[in-house]
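Below is one structure; the comments refer to it alone.
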Amino acid sequence: MNTTTTSRQVFRAARAGGPVRTRMLRAGLRLLIASAAVAELALAAPTASAAPAAPVRTDHAAAQQVLERAVTGGGVPGILAEIQDGRDRWVGTAGVADTATGRKRREQDRFRIGSTTKTFTATVMLQLAAEHRLGLDDSVEKWLPGVVRGPGYEPEKITVRQLLNHTSGIYDYVNDKVMSDRGTGTPFLRHRFDSYSPEEIVRIGVSNPPRFAPGTDWGYSNTPYFLAGMIIERVTGRPLADAIDRRIARPLGLTATYLPRGDEPVLRGPHGRHYSKLMLSDPGAAVYDVTELNPSWGWAAGGVVSTTGDLDRFFGALLGGRLLPPAQQQEMFTMVPTKNWIPDTAYGLGIASQRLSCGVTVWGMGGAINGSWTYTFGTRSGTRMVSVNSNGDWNYPIAAFTDLLQAEFCPGAAPPAAPAAGTASEGVS
C-alpha cells in the first residue's frame with residue numbers, strides 16, 4: 001500500500017454495488033450507483049419460496065478466506081464481517097483498522113454506511129404512511145411546493161413512491177459537473193469540509209434536466225432521497241436524525257447507529273480509519289486518510305453511521321416484519337426491474353434484492369462513501385444476515401462482498417478471483 005497521507009478533513013459519498021463494479025461519484029459523492037447490464041426481473045416482489053432455500057452453515061471458514069483474499073489479493077486495508085444465523089453469531093476480520101498503528105478491526109467499530117442510509121429513510125417514510133400522515137401517491141409538490149423547479153420538471157406528477165423506488169426521473173446531483181469536479185483527486189481535499197443544505201443539493205440536482213418522465217423508467221438517483229428526507233421533516237416537524245433515532249435506533253437497541261447532525265465531521269465512539277485514493281484510477285495513486293469529513297451532502301441518501309452488528313439487527317427486524325405493518329411491508333417489497341445498475345437485482349422502496357449464482361435471492365442494501373464500503377443482505381425472513389465493511393474505497397471491494405454472500409448462501413460455489421491489487425475504483429456517475 002502506498003504511504004498514507006493523514007487528513008482530518010473530508011467529505012463525500014459513494015454507492016455500493018453487487019457482483020459487478022460499483023460507481024462512486026466523481027465528485028467525491030457517489031452514493032450507490034453501479035455500472036452493469038440490465039437485470040430483467042419480475043415486477044412483483046418475489047417470495048421466500050420463489051428461490052431455493054439457502055443451506056444452513058455450521059462454520060464460516062469460507063467466509064474468513066474471502067476476507068483474507070480481499071486484503072491480500074484485493075489490496076483493501078481492512079475488512080470486517082458479522083454473520084447472524086438464528087442464535088449463531090460470527091465475526092471475522094482481516095487487515096487493519098489503522099495503517100499507522102496496525103490496530104486490527106473490531107466488531108464495535110463504527111463506520112459510514114453510504115447508501116444503506118436509504119433503507120432507514122424509506123422505513124421512516126413508510127411508517128408515516130402507516131400512520132396516515134402522508135400517502136405514497138402524494139405528489140412532491142403537495143409537500144414541498146416550489147422546491148422542484150428546473151428544466152422539464154413537473155413536480156405535481158412525481159410521487160413519494162417514485163422518490164423511494166428510483167422511478168422519478170430526477171437527475172442525480174452526484175453527476176452534476178460542479179460536484180464531480182470537486183470530488184475527484186486533490187480538489188476533493190480542498191472541498192472536504194464544504195457544507196450543503198438539503199435545499200442546495202436539490203437545486204444542484206434539478207438544475208439538470210430529468211432523465212425520463214416520472215414512472216416511465218428506472219434510474220438510480222440520490223437527489224430523490226433528499227426530497228424524501230425533507231418531506232419527513234415537513235410531516236414530523238423534527239430533524240430527520242430524530243426520526244431515525246426515535247423510530248428505528250432506540251426501539252431496536254441500535255446504540256451505535258445515528259445520522260450525523262449538520263456538518264458533524266467526526267465519527268462518534270470507537271472507529272477505525274477510512275482510506276481513499278480519491279477516485280483516481282492510477283494504481284500508484286496516493287492513499288489518504290479521509291475519516292473525518294462533512295457528511296451534509298450525504299444526509300438522507302447516505303449519511304448514517306453504524307456497525308455490522310447494528311445493521312444485521314436492523315435489516316433482520318425489517319425483513320422479519322417487525323418495523324412495518326403488513327400493508328407497508330408489501331409496498332416496500334414490491335420490486336421493479338433495475339436498469340444499467342447491478343446484474344440480477346431488483347429494487348423496492350429503499351431495499352434491493354440480489355439473485356446469487358446458486359439461485360438463492362438475498363435482500364438488503366449496500367452503500368459507499370469516501371473510504372468506506374458496506375453491504376448488508378440476508379434471507380427474506382431476516383433470520384440469516386450478513387454485514388460486511390471495507391475501510392478502503394478502491395479495487396472494487398464489492399466483489400469481495402458478493403463472494404462473501406456466495407460463501408454463506410451458496411456453499412460449494414467457487415468465488416471469482418480477487419482483482420489485482422492497486423486498481424482504483426472507477427469514478428463514474
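Starting from 1 in every chain, residues are counted up; chains themselves are A, B, ... following the order of the C-alpha cells, and ligands are numbered from 1 as listed.
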### Contact residues around Leu126 of chain A with only C-alpha atoms at 9 Å, ignoring same-chain residues under 4 positions, as a VMD selection string
chain A and resid 121 to 122 130 to 131 134 to 136 324 328 to 329 331 to 332 349
### Message
Taking 3 positions as the minimum chain separation for residues in the same chain, which residues sit within 10 Å of Leu240 of chain A when counting only C-alpha atoms? Answer as a ChimeraX atom specification.
### Response
/A:121,124,228-234,236-237,243-246,259-261,299-300
Those residues with all heavy atoms, as a compact mmCIF listing (two decimals), in the first residue's frame please?
```txt
# COMPACT_ATOMS: atom_id res chain seq x y z
N THR A 121 -34.21 5.78 5.67
CA THR A 121 -35.10 6.86 5.25
C THR A 121 -36.43 6.32 4.74
O THR A 121 -37.50 6.81 5.10
CB THR A 121 -34.43 7.71 4.16
OG1 THR A 121 -33.21 8.26 4.69
CG2 THR A 121 -35.32 8.85 3.70
N VAL A 124 -38.71 5.02 7.63
CA VAL A 124 -39.41 6.10 8.33
C VAL A 124 -40.58 6.61 7.49
O VAL A 124 -41.68 6.84 8.00
CB VAL A 124 -38.44 7.25 8.66
CG1 VAL A 124 -39.21 8.46 9.21
CG2 VAL A 124 -37.39 6.80 9.67
N ALA A 228 -37.12 13.09 -0.04
CA ALA A 228 -37.81 12.24 0.93
C ALA A 228 -37.51 12.69 2.35
O ALA A 228 -38.40 12.78 3.21
CB ALA A 228 -37.42 10.78 0.73
N GLY A 229 -36.24 12.99 2.63
CA GLY A 229 -35.87 13.46 3.95
C GLY A 229 -36.52 14.78 4.30
O GLY A 229 -36.97 15.00 5.44
N MET A 230 -36.62 15.67 3.32
CA MET A 230 -37.28 16.96 3.54
C MET A 230 -38.77 16.78 3.81
O MET A 230 -39.35 17.48 4.65
CB MET A 230 -37.05 17.85 2.32
CG MET A 230 -35.60 18.28 2.13
SD MET A 230 -35.26 19.03 0.50
CE MET A 230 -36.18 20.57 0.65
N ILE A 231 -39.40 15.83 3.13
CA ILE A 231 -40.83 15.56 3.38
C ILE A 231 -41.02 15.01 4.79
O ILE A 231 -41.94 15.41 5.51
CB ILE A 231 -41.38 14.58 2.32
CG1 ILE A 231 -41.45 15.27 0.95
CG2 ILE A 231 -42.77 14.08 2.73
CD1 ILE A 231 -41.81 14.34 -0.19
N ILE A 232 -40.14 14.10 5.21
CA ILE A 232 -40.23 13.56 6.57
C ILE A 232 -40.14 14.69 7.59
O ILE A 232 -40.92 14.74 8.56
CB ILE A 232 -39.13 12.51 6.80
CG1 ILE A 232 -39.43 11.24 6.00
CG2 ILE A 232 -39.01 12.18 8.29
CD1 ILE A 232 -38.29 10.23 5.98
N GLU A 233 -39.23 15.61 7.38
CA GLU A 233 -39.09 16.73 8.32
C GLU A 233 -40.31 17.65 8.27
O GLU A 233 -40.74 18.18 9.30
CB GLU A 233 -37.81 17.50 8.02
CG GLU A 233 -36.55 16.69 8.31
CD GLU A 233 -35.29 17.53 8.34
OE1 GLU A 233 -35.27 18.61 7.72
OE2 GLU A 233 -34.31 17.09 8.98
N ARG A 234 -40.88 17.83 7.10
CA ARG A 234 -42.08 18.66 6.97
C ARG A 234 -43.26 18.01 7.71
O ARG A 234 -44.02 18.69 8.40
CB ARG A 234 -42.41 18.86 5.49
CG ARG A 234 -43.66 19.69 5.21
CD ARG A 234 -43.46 21.15 5.61
NE ARG A 234 -42.33 21.76 4.93
CZ ARG A 234 -42.39 22.36 3.74
NH1 ARG A 234 -43.55 22.40 3.08
NH2 ARG A 234 -41.32 22.92 3.21
N THR A 236 -43.16 15.62 10.19
CA THR A 236 -42.94 15.41 11.63
C THR A 236 -42.63 16.69 12.38
O THR A 236 -42.82 16.75 13.60
CB THR A 236 -41.79 14.43 11.87
OG1 THR A 236 -40.57 14.99 11.36
CG2 THR A 236 -42.07 13.09 11.18
N GLY A 237 -42.13 17.70 11.67
CA GLY A 237 -41.72 18.92 12.34
C GLY A 237 -40.43 18.78 13.13
O GLY A 237 -40.08 19.64 13.93
N ALA A 243 -36.03 11.40 13.78
CA ALA A 243 -36.96 10.36 13.34
C ALA A 243 -36.27 9.00 13.27
O ALA A 243 -36.83 7.98 13.70
CB ALA A 243 -37.55 10.72 11.99
N ILE A 244 -35.06 8.96 12.73
CA ILE A 244 -34.32 7.69 12.64
C ILE A 244 -33.99 7.17 14.03
O ILE A 244 -34.11 5.97 14.31
CB ILE A 244 -33.05 7.88 11.80
CG1 ILE A 244 -33.43 8.09 10.32
CG2 ILE A 244 -32.11 6.68 11.95
CD1 ILE A 244 -32.26 8.41 9.42
N ASP A 245 -33.60 8.06 14.92
CA ASP A 245 -33.27 7.65 16.28
C ASP A 245 -34.50 7.14 17.04
O ASP A 245 -34.49 6.06 17.63
CB ASP A 245 -32.64 8.82 17.03
CG ASP A 245 -32.24 8.45 18.44
OD1 ASP A 245 -31.43 7.51 18.60
OD2 ASP A 245 -32.74 9.07 19.40
N ARG A 246 -35.60 7.91 16.99
CA ARG A 246 -36.79 7.58 17.78
C ARG A 246 -37.54 6.39 17.22
O ARG A 246 -38.08 5.58 17.98
CB ARG A 246 -37.71 8.80 17.85
CG ARG A 246 -38.94 8.59 18.72
CD ARG A 246 -39.73 9.87 18.87
NE ARG A 246 -40.33 10.29 17.62
CZ ARG A 246 -41.50 9.82 17.17
NH1 ARG A 246 -42.16 8.90 17.86
NH2 ARG A 246 -42.01 10.27 16.04
N LEU A 259 -27.65 9.32 12.53
CA LEU A 259 -27.44 10.21 11.40
C LEU A 259 -26.76 11.47 11.93
O LEU A 259 -27.32 12.14 12.80
CB LEU A 259 -28.77 10.57 10.74
CG LEU A 259 -28.69 11.57 9.57
CD1 LEU A 259 -27.91 10.96 8.40
CD2 LEU A 259 -30.09 11.99 9.12
N PRO A 260 -25.54 11.78 11.46
CA PRO A 260 -24.87 12.99 11.93
C PRO A 260 -25.74 14.23 11.74
O PRO A 260 -26.52 14.31 10.80
CB PRO A 260 -23.62 13.06 11.05
CG PRO A 260 -23.37 11.64 10.65
CD PRO A 260 -24.74 11.05 10.47
N ARG A 261 -25.59 15.16 12.64
CA ARG A 261 -26.38 16.38 12.59
C ARG A 261 -25.57 17.50 11.95
O ARG A 261 -24.46 17.81 12.40
CB ARG A 261 -26.84 16.78 13.99
CG ARG A 261 -27.78 15.74 14.59
CD ARG A 261 -28.15 16.07 16.02
NE ARG A 261 -29.00 15.03 16.59
CZ ARG A 261 -30.32 14.98 16.47
NH1 ARG A 261 -30.95 15.94 15.80
NH2 ARG A 261 -31.01 14.00 17.01
N TRP A 299 -26.47 13.01 3.84
CA TRP A 299 -27.70 13.15 4.60
C TRP A 299 -28.66 11.96 4.42
O TRP A 299 -28.31 10.84 4.72
CB TRP A 299 -28.36 14.47 4.26
CG TRP A 299 -29.45 14.88 5.20
CD1 TRP A 299 -29.37 14.95 6.57
CD2 TRP A 299 -30.79 15.27 4.87
NE1 TRP A 299 -30.57 15.37 7.10
CE2 TRP A 299 -31.46 15.57 6.09
CE3 TRP A 299 -31.49 15.39 3.67
CZ2 TRP A 299 -32.80 15.98 6.13
CZ3 TRP A 299 -32.81 15.81 3.70
CH2 TRP A 299 -33.46 16.11 4.91
N ALA A 300 -29.89 12.23 3.95
CA ALA A 300 -30.93 11.19 3.85
C ALA A 300 -30.60 10.12 2.82
O ALA A 300 -31.21 9.05 2.82
CB ALA A 300 -32.27 11.83 3.51
```
### For Val140 of chain A, the nearest of the candidates A:Leu163, A:Ala213, A:Met125, A:Cys358, counting only C-alpha atoms
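Smallest separation from Val140 of chain A among the options: A:Leu163.
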### Task
Give me the residues within 12 Å of Ser195 of chain A as a PyMOL selection string, counting only C-alpha atoms and dropping any in the same chain fewer than 6 places off.
chain A and resi 10-12+201+261-265+293-299
### Task
Just the strand (DSSP E or B) stuff from segment 88-143 of chain A, please, per backbone DSSP, written as a ChimeraX atom specification.
/A:88-96,104,110-112,139
Take the residues from that selection and put them in a file with N, CA and C atoms, as a short mmCIF file (atom, residue, chain, number, x, y, z; two decimals), in the first residue's frame.
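Generated output (part.cif):
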```cif
data_model
loop_
_atom_site.label_atom_id
_atom_site.label_comp_id
_atom_site.auth_asym_id
_atom_site.auth_seq_id
_atom_site.Cartn_x
_atom_site.Cartn_y
_atom_site.Cartn_z
N ASP A 88 -26.77 -18.12 16.27
CA ASP A 88 -25.34 -18.17 16.00
C ASP A 88 -24.87 -16.82 15.48
N ARG A 89 -23.78 -16.30 16.05
CA ARG A 89 -23.20 -15.04 15.59
C ARG A 89 -21.72 -15.25 15.35
N TRP A 90 -21.27 -14.83 14.18
CA TRP A 90 -19.85 -14.99 13.83
C TRP A 90 -19.30 -13.64 13.39
N VAL A 91 -18.12 -13.27 13.88
CA VAL A 91 -17.44 -12.04 13.48
C VAL A 91 -16.07 -12.40 12.94
N GLY A 92 -15.78 -11.90 11.75
CA GLY A 92 -14.48 -12.15 11.14
C GLY A 92 -13.83 -10.87 10.67
N THR A 93 -12.52 -10.81 10.71
CA THR A 93 -11.79 -9.63 10.25
C THR A 93 -10.54 -10.06 9.49
N ALA A 94 -10.03 -9.14 8.71
CA ALA A 94 -8.73 -9.31 8.05
C ALA A 94 -8.16 -7.92 7.83
N GLY A 95 -6.85 -7.80 7.76
CA GLY A 95 -6.24 -6.49 7.57
C GLY A 95 -6.33 -5.65 8.84
N VAL A 96 -6.24 -4.34 8.66
CA VAL A 96 -6.14 -3.45 9.81
C VAL A 96 -7.18 -2.34 9.76
N LYS A 104 -6.02 -3.92 14.64
CA LYS A 104 -6.95 -4.75 13.88
C LYS A 104 -8.36 -4.16 13.95
N ARG A 110 -17.35 1.72 14.47
CA ARG A 110 -18.38 2.36 13.67
C ARG A 110 -17.80 2.83 12.34
N PHE A 111 -18.65 2.95 11.34
CA PHE A 111 -18.21 3.38 10.02
C PHE A 111 -19.40 4.03 9.30
N ARG A 112 -19.10 4.78 8.27
CA ARG A 112 -20.13 5.42 7.46
C ARG A 112 -20.70 4.39 6.48
N SER A 139 -48.06 13.83 -4.20
CA SER A 139 -47.06 14.43 -5.07
C SER A 139 -46.00 15.16 -4.25
#
```
### Message
Residues within 10 Å of segment 378-382 of chain A, please, as a PyMOL selection string. Count only C-alpha atoms; anything in the same chain fewer than 6 positions from it doesn't count.
### Response
chain A and resi 46-49+53-54+83-86+312-321+333+353-354+360-365+405+408-409
### Task
Could you give me, as a PyMOL selection string, the residues within 6 Å of Tyr347 of chain A, counting only C-alpha atoms and dropping anything in the same chain fewer than 3 positions from it?
chain A and resi 335-336+351-352
### Query
Can you list, as a PyMOL selection string, every residue of segment 100-231 of chain A that DSSP puts in helix (DSSP H, G or I)?
chain A and resi 114-130+140-143+155-157+160-165+173-175+177-183+186-191+198-206+223-231
Near segment 268-283 of chain A, 8 Å: segment 379-420 of chain A residue rows, closest pairs, only C-alpha atoms, as CSV:
```
residue,atom,partner,partner_atom,distance
A:Asn391,CA,A:His274,CA,4.9
A:Gly392,CA,A:Tyr275,CA,4.8
A:Asp393,CA,A:Ser276,CA,5.4
A:Trp394,CA,A:Lys277,CA,6.8
```
#### Entry: Arg203 of chain A surroundings by only C-alpha atoms, 9 Å radius, close-in-sequence under 6 positions cut, as a list in words
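Counting only C-alpha atoms, the residues come to Val147, Val148, Arg149, Gly150 and Tyr173 of chain A.
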